[in-house]
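Below: target19.tsv (TSV, C-alpha atoms)
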chain	number	residue	atom	x	y	z
A	1	MET	CA	0.00	0.00	0.00
A	2	SER	CA	1.17	3.57	-0.57
A	3	ASP	CA	0.02	6.85	0.92
A	4	SER	CA	-0.28	10.21	-0.80
A	5	GLY	CA	-0.81	12.31	2.33
A	6	VAL	CA	1.69	14.95	3.36
A	7	PRO	CA	3.88	13.80	6.27
A	8	VAL	CA	3.81	16.01	9.36
A	9	ARG	CA	7.17	16.69	10.95
A	10	SER	CA	7.35	15.90	14.65
A	11	TRP	CA	9.84	14.89	17.34
A	12	ARG	CA	9.64	11.34	16.01
A	13	ASP	CA	11.54	12.34	12.88
A	14	TRP	CA	14.52	13.35	15.04
A	15	ALA	CA	14.21	10.28	17.26
A	16	ASP	CA	14.84	7.76	14.47
A	17	ALA	CA	18.66	7.79	14.54
A	18	PRO	CA	19.01	7.95	18.37
A	19	LEU	CA	16.65	5.00	18.76
A	20	ARG	CA	18.59	2.96	16.21
A	21	TRP	CA	21.84	3.84	17.96
A	22	ALA	CA	20.34	2.77	21.30
A	23	GLY	CA	20.49	-0.85	20.12
A	24	PRO	CA	24.26	-1.18	19.58
A	25	LEU	CA	24.93	0.94	22.67
A	26	ALA	CA	22.78	-1.45	24.70
A	27	GLY	CA	24.70	-4.36	23.19
A	28	LEU	CA	28.01	-2.82	24.27
A	29	GLY	CA	26.61	-2.20	27.75
A	30	ILE	CA	25.38	-5.78	28.12
A	31	ASN	CA	28.71	-7.18	26.95
A	32	GLN	CA	30.53	-5.03	29.50
A	33	ALA	CA	28.22	-6.03	32.34
A	34	VAL	CA	27.73	-9.72	31.60
A	35	ALA	CA	30.44	-12.38	31.38
A	36	PHE	CA	29.16	-15.17	29.14
A	37	SER	CA	32.31	-17.23	29.69
A	38	SER	CA	35.34	-17.12	31.95
A	39	GLU	CA	37.63	-17.27	28.90
A	40	PRO	CA	38.09	-14.00	26.96
A	41	ASP	CA	38.11	-15.55	23.47
A	42	VAL	CA	34.92	-17.52	24.06
A	43	ASN	CA	33.29	-14.55	25.76
A	44	LEU	CA	33.98	-12.50	22.62
A	45	LEU	CA	32.23	-15.08	20.46
A	46	TYR	CA	29.11	-14.72	22.61
A	47	ALA	CA	29.43	-10.93	22.64
A	48	ILE	CA	29.24	-10.64	18.82
A	49	PRO	CA	25.67	-12.04	18.45
A	50	VAL	CA	24.53	-10.09	21.52
A	51	PHE	CA	25.77	-6.88	19.89
A	52	GLY	CA	24.11	-7.76	16.57
A	53	LEU	CA	20.77	-8.75	18.09
A	54	CYS	CA	20.65	-5.59	20.20
A	55	SER	CA	21.39	-3.55	17.06
A	56	VAL	CA	18.43	-5.15	15.27
A	57	ALA	CA	16.31	-4.46	18.36
A	58	GLY	CA	17.23	-0.78	17.96
A	59	VAL	CA	15.95	-0.86	14.36
A	60	LEU	CA	12.69	-2.44	15.55
A	61	LEU	CA	12.35	0.14	18.33
A	62	ALA	CA	12.76	2.98	15.83
A	63	ASP	CA	10.23	1.33	13.54
A	64	LEU	CA	7.70	1.08	16.37
A	65	VAL	CA	8.14	4.61	17.70
A	66	VAL	CA	8.78	6.67	14.57
A	67	ARG	CA	5.47	6.60	12.73
A	68	PRO	CA	5.01	9.85	10.79
A	69	ARG	CA	1.50	11.29	10.81
A	70	GLN	CA	-0.16	12.13	7.52
A	71	ARG	CA	-2.00	15.38	6.74
A	72	GLY	CA	-4.66	15.63	4.07
A	73	VAL	CA	-6.54	13.00	2.10
A	74	ARG	CA	-4.93	9.59	2.14
A	75	GLU	CA	-5.07	7.45	-0.95
A	76	ALA	CA	-3.95	3.86	-1.05
A	77	GLY	CA	-2.88	1.88	-4.05
A	78	VAL	CA	-1.73	-1.69	-4.48
A	79	VAL	CA	2.06	-1.72	-4.55
A	80	ARG	CA	4.01	-4.94	-4.31
A	81	ARG	CA	6.98	-4.37	-2.05
A	82	ARG	CA	9.82	-6.86	-2.03
A	83	VAL	CA	12.58	-7.15	0.54
A	84	ARG	CA	15.21	-7.38	-2.17
A	85	ASP	CA	14.20	-3.95	-3.48
A	86	GLN	CA	15.01	-2.34	-0.12
A	87	ILE	CA	18.40	-3.92	0.61
A	88	PRO	CA	21.84	-3.69	-1.04
A	89	ARG	CA	21.75	-6.80	-3.20
A	90	ALA	CA	25.50	-7.08	-3.80
A	91	LEU	CA	26.28	-6.80	-0.10
A	92	ALA	CA	23.50	-9.23	0.83
A	93	ALA	CA	24.78	-11.77	-1.72
A	94	SER	CA	28.34	-11.39	-0.39
A	95	LEU	CA	27.14	-11.90	3.17
A	96	GLY	CA	25.17	-14.98	2.14
A	97	ALA	CA	28.31	-16.47	0.57
A	98	GLN	CA	30.34	-15.63	3.68
A	99	ALA	CA	27.69	-17.22	5.92
A	100	VAL	CA	27.98	-20.44	3.92
A	101	PHE	CA	31.76	-20.26	4.05
A	102	LEU	CA	31.59	-19.77	7.82
A	103	VAL	CA	29.72	-23.04	8.24
A	104	VAL	CA	32.11	-25.04	6.02
A	105	PRO	CA	35.40	-24.39	7.89
A	106	LEU	CA	33.58	-24.71	11.21
A	107	ALA	CA	32.41	-28.18	10.18
A	108	VAL	CA	35.98	-29.10	9.20
A	109	SER	CA	37.44	-27.71	12.42
A	110	VAL	CA	34.87	-29.52	14.58
A	111	ALA	CA	35.59	-32.80	12.80
A	112	THR	CA	39.36	-32.45	13.23
A	113	ALA	CA	39.49	-30.92	16.73
A	114	SER	CA	41.31	-32.68	19.55
A	115	ALA	CA	42.12	-32.01	23.18
A	116	ASP	CA	44.75	-29.40	23.91
A	117	GLU	CA	47.80	-29.85	26.14
A	118	ALA	CA	45.66	-29.10	29.21
A	119	GLY	CA	43.28	-31.93	28.28
A	120	ARG	CA	40.41	-29.65	27.25
A	121	VAL	CA	38.41	-31.34	24.51
A	122	GLY	CA	37.82	-29.70	21.12
A	123	ARG	CA	40.28	-26.81	21.40
A	124	ALA	CA	43.37	-27.88	19.44
A	125	LEU	CA	44.59	-29.60	16.30
A	126	ALA	CA	46.66	-32.73	16.96
A	127	GLY	CA	48.69	-34.92	14.61
A	128	SER	CA	52.08	-36.42	13.97
A	129	CYS	CA	55.04	-35.36	11.85
A	130	GLN	CA	58.01	-37.61	11.13
A	131	GLY	CA	57.11	-39.78	14.07
A	132	ASP	CA	56.69	-36.90	16.54
A	133	ALA	CA	53.28	-35.92	17.91
A	134	TYR	CA	52.24	-32.29	17.96
A	135	VAL	CA	49.36	-30.21	19.28
A	136	VAL	CA	48.68	-26.69	17.96
A	137	GLY	CA	45.99	-24.29	19.03
A	138	PRO	CA	43.73	-22.63	19.62
A	139	TRP	CA	41.58	-24.44	17.07
A	140	PRO	CA	37.88	-23.57	16.58
A	141	GLY	CA	36.42	-26.91	17.61
A	142	PRO	CA	33.04	-27.62	19.20
A	143	TYR	CA	33.76	-25.47	22.24
A	144	TYR	CA	34.04	-22.42	19.98
A	145	ALA	CA	31.66	-23.47	17.21
A	146	TRP	CA	28.39	-23.57	19.13
A	147	PRO	CA	28.26	-19.89	20.15
A	148	VAL	CA	29.17	-18.95	16.56
A	149	LEU	CA	26.52	-21.15	14.93
A	150	GLY	CA	23.90	-20.34	17.57
A	151	GLY	CA	24.42	-16.60	17.17
A	152	LEU	CA	24.39	-16.86	13.38
A	153	GLY	CA	21.17	-18.89	13.35
A	154	ALA	CA	19.28	-16.71	15.84
A	155	GLY	CA	20.54	-13.50	14.27
A	156	SER	CA	19.59	-14.59	10.75
A	157	VAL	CA	16.02	-15.37	11.82
A	158	VAL	CA	15.60	-12.08	13.69
A	159	CYS	CA	17.07	-10.05	10.82
A	160	ALA	CA	14.85	-11.78	8.26
A	161	LEU	CA	11.72	-11.06	10.31
A	162	THR	CA	12.83	-7.45	10.79
A	163	LEU	CA	13.31	-6.99	7.05
A	164	ARG	CA	9.83	-8.36	6.37
A	165	ARG	CA	8.30	-5.98	8.89
A	166	VAL	CA	10.24	-2.96	7.65
A	167	THR	CA	9.29	-3.71	4.03
A	168	ALA	CA	5.59	-4.30	4.73
A	169	ARG	CA	4.86	-1.35	7.00
A	170	ALA	CA	3.46	1.98	5.82
A	171	GLY	CA	5.75	4.96	5.40
A	172	ASP	CA	8.11	6.51	2.90
A	173	ASP	CA	10.64	4.51	0.90
A	174	GLY	CA	13.59	6.48	2.25
A	175	ARG	CA	12.91	5.52	5.86
A	176	ARG	CA	12.28	1.90	4.92
A	177	ARG	CA	15.56	1.78	3.01
A	178	VAL	CA	17.50	3.25	5.92
A	179	ARG	CA	16.17	0.61	8.32
A	180	ALA	CA	16.70	-2.18	5.82
A	181	TRP	CA	20.33	-1.14	5.36
A	182	ALA	CA	20.81	-0.93	9.14
A	183	THR	CA	19.39	-4.45	9.50
A	184	ILE	CA	21.63	-5.83	6.78
A	185	GLY	CA	24.56	-4.11	8.46
A	186	ALA	CA	23.76	-5.81	11.77
A	187	TRP	CA	23.48	-9.19	10.03
A	188	GLY	CA	26.79	-8.50	8.31
A	189	VAL	CA	28.48	-8.01	11.67
A	190	LEU	CA	26.98	-11.31	12.85
A	191	VAL	CA	28.42	-13.06	9.79
A	192	ALA	CA	31.71	-11.33	9.05
A	193	ALA	CA	33.09	-10.88	12.58
A	194	PRO	CA	32.89	-14.61	13.50
A	195	LEU	CA	34.20	-15.52	10.04
A	196	PHE	CA	37.26	-13.35	10.67
A	197	ALA	CA	37.78	-14.96	14.08
A	198	VAL	CA	37.45	-18.51	12.73
A	199	SER	CA	39.49	-18.08	9.55
A	200	SER	CA	42.32	-16.15	11.22
A	201	THR	CA	42.53	-18.67	14.08
A	202	MET	CA	42.66	-21.61	11.66
A	203	ALA	CA	45.21	-19.85	9.46
A	204	VAL	CA	47.55	-19.18	12.40
A	205	ALA	CA	47.26	-22.81	13.52
A	206	LEU	CA	48.07	-24.11	10.03
A	207	TYR	CA	51.06	-21.77	9.70
A	208	THR	CA	52.48	-23.16	12.95
A	209	LEU	CA	52.29	-26.81	11.90
A	210	PRO	CA	55.76	-28.38	12.14
A	211	CYS	CA	55.32	-29.94	8.72
A	212	GLY	CA	52.75	-29.96	5.98
A	213	GLY	CA	52.39	-30.29	2.24
A	214	TRP	CA	51.27	-27.88	-0.41
A	215	ALA	CA	47.62	-28.48	0.53
A	216	ILE	CA	48.21	-27.21	4.09
A	217	GLY	CA	50.03	-24.15	2.75
A	218	LEU	CA	47.29	-23.43	0.24
A	219	GLY	CA	44.67	-23.77	2.96
A	220	ALA	CA	46.53	-21.35	5.22
A	221	VAL	CA	46.88	-18.76	2.44
A	222	SER	CA	43.20	-19.12	1.49
A	223	LEU	CA	42.11	-18.66	5.09
A	224	THR	CA	44.29	-15.56	5.36
A	225	ILE	CA	42.56	-14.07	2.32
A	226	VAL	CA	39.16	-14.92	3.80
A	227	ALA	CA	40.16	-13.30	7.10
A	228	PHE	CA	41.14	-10.09	5.30
A	229	VAL	CA	37.92	-9.97	3.25
A	230	SER	CA	35.75	-10.67	6.30
A	231	ALA	CA	37.54	-7.94	8.32
A	232	VAL	CA	36.85	-5.38	5.58
A	233	THR	CA	33.25	-6.61	5.31
A	234	ALA	CA	32.72	-6.33	9.07
A	235	GLY	CA	33.95	-2.73	9.05
A	236	TRP	CA	31.75	-1.86	6.07
A	237	CYS	CA	28.70	-3.45	7.71
A	238	LEU	CA	29.37	-1.65	10.97
A	239	VAL	CA	29.22	1.69	9.14
A	240	ALA	CA	26.09	0.55	7.25
A	241	MET	CA	24.47	-0.33	10.56
A	242	LEU	CA	25.36	2.87	12.40
A	243	VAL	CA	25.23	5.39	9.51
A	244	PRO	CA	23.13	3.72	6.79
A	245	ARG	CA	22.54	6.95	4.90
A	246	ALA	CA	26.25	7.13	4.14
A	247	HIS	CA	25.90	4.08	1.87
A	248	ILE	CA	22.54	4.82	0.27
A	249	GLU	CA	22.83	6.34	-3.18
A	250	GLU	CA	20.36	8.95	-4.35
A	251	ARG	CA	17.76	7.48	-6.69
A	252	PRO	CA	15.84	9.47	-9.29
Would you write the structure of this file as structure tokens?
Amino acid sequence: MSDSGVPVRSWRDWADAPLRWAGPLAGLGINQAVAFSSEPDVNLLYAIPVFGLCSVAGVLLADLVVRPRQRGVREAGVVRRRVRDQIPRALAASLGAQAVFLVVPLAVSVATASADEAGRVGRALAGSCQGDAYVVGPWPGPYYAWPVLGGLGAGSVVCALTLRRVTARAGDDGRRRVRAWATIGAWGVLVAAPLFAVSSTMAVALYTLPCGGWAIGLGAVSLTIVAFVSAVTAGWCLVAMLVPRAHIEERP
């Protein structure tokens, strides 16, 4: 549906950005106040989805509060809105590919994980080289994989529902696009930040192997490239989440 009434400016128009920013600020506050794990690296893996989910909650809060009033005669027409028309398609496709790639190395790391030197299960990569046993770590085994996969799954569902709501609700296209970009940015942080953590950790472990063939070297180099791309993506998505208008091009 579309409206032809004239929007009336009110305090709600100025509250949109502060309400959206309240989400990530709340996420930072929760992560400072709550310790999800006694180990810093695992605690960080839990902190990433908390930050992303709170950021999406800020988008929803802005969508609930900021409802511009209309002045004059309202006319409604049938307009088919699609989520893909509101979001950056290239970025969304890149994030989808990175989400798939996040699951693949996690599955490999879980399948190959062993106990570390302290006897903790699923935190190291063990093997033998020229008759000598070795253990390298940290390695993103099951202990690290579950917070990553849980956060990615929950965040993906919440972001998808948010995009559907933002697309379907009444209002102007500009405001819908801003909130859709902010939601995609939050999902990007949920995808790219854990991918950087997983790929960089695996790459460092492979580089420190006492021996390995060309396949190990190729895998380490590939993971390094993935870590770099995911770091750039996470930074880009963070800006898209906090300042979505900076990425939205003017349309005729």
| query | Smallest atom-to-atom distance to Val34 in chain A: which of A:Ala47, A:Leu242, A:Leu106, A:Leu223, using all atoms listed in the file? | reply | A:Ala47
| Neighbour list for Leu190 in chain A as a PyMOL selection string, cut-off 8 Å, only C-alpha atoms, skip fewer than 4 positions in-chain | chain A and resi 48-49+52+151-152+155+186+194
| said: Using all atoms listed in the file and a cutoff of 12 Å, can you tell me which residues are near (39.0, -30.2, 18.5) in the file's coordinates, and write them out as a ChimeraX atom specification? | reply: /A:106-117,119-127,135-145,202
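Distance check against Val239 in chain A using all atoms listed in the file: of A:Ala118, A:Ala182, A:Ala215, A:Val100, the minimum falls on A:Ala182.
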| query | Quick one: of A:Pro18, A:Gly29, A:Pro210, A:Pro244, who's nearest to Ala62 in chain A, counting all atoms listed in the file? | reply |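 With all atoms listed in the file as the atom set, the closest residue is A:Pro18.
Proximity to Trp146 in chain A was assessed for A:Ala133, A:Ala93, A:Val243, A:Val103 counting all atoms listed in the file; the smallest distance is recorded for A:Val103.
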| note | For Asp132 in chain A, the closest of A:Arg165, A:Ala15, A:Cys211, A:Val189 counting only C-alpha atoms is A:Cys211
| task | Record the distance separating CA of Asp41 in chain A and CA of Val148 in chain A, expressed in Å with one decimal. | result | 11.8 Å
| request: Go through A:Ala22, A:Val42, A:Val66, A:Val226 one by one, measure the shortest atom-to-atom distance of each to Arg169 in chain A using all atoms listed in the file, and give the residue with the smallest value. | output: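 Checking each candidate against Arg169 in chain A, we get A:Val66 as the closest.
What separates CA of Ser222 in chain A from CA of Ser128 in chain A is a distance of 23.1 Å.
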| message | I'd like the interatomic distance between CA of Leu25 in chain A and CA of Thr162 in chain A, to a tenth of an Å. | response | 18.9 Å
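The residue set within 7 Å of Cys54 in chain A, counting all atoms listed in the file and dropping same-chain residues fewer than 2 places from it, reads Gly23, Pro24, Ala26, Gly27, Val50, Phe51, Gly52, Val56, Ala57 and Gly58 of chain A.
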| field | Leu161 in chain A surroundings by only C-alpha atoms, 12 Å radius, close-in-sequence under 3 positions cut, as a PyMOL selection string | value | chain A and resi 56-57+59-60+83+154-158+164-168+180+183-184+187
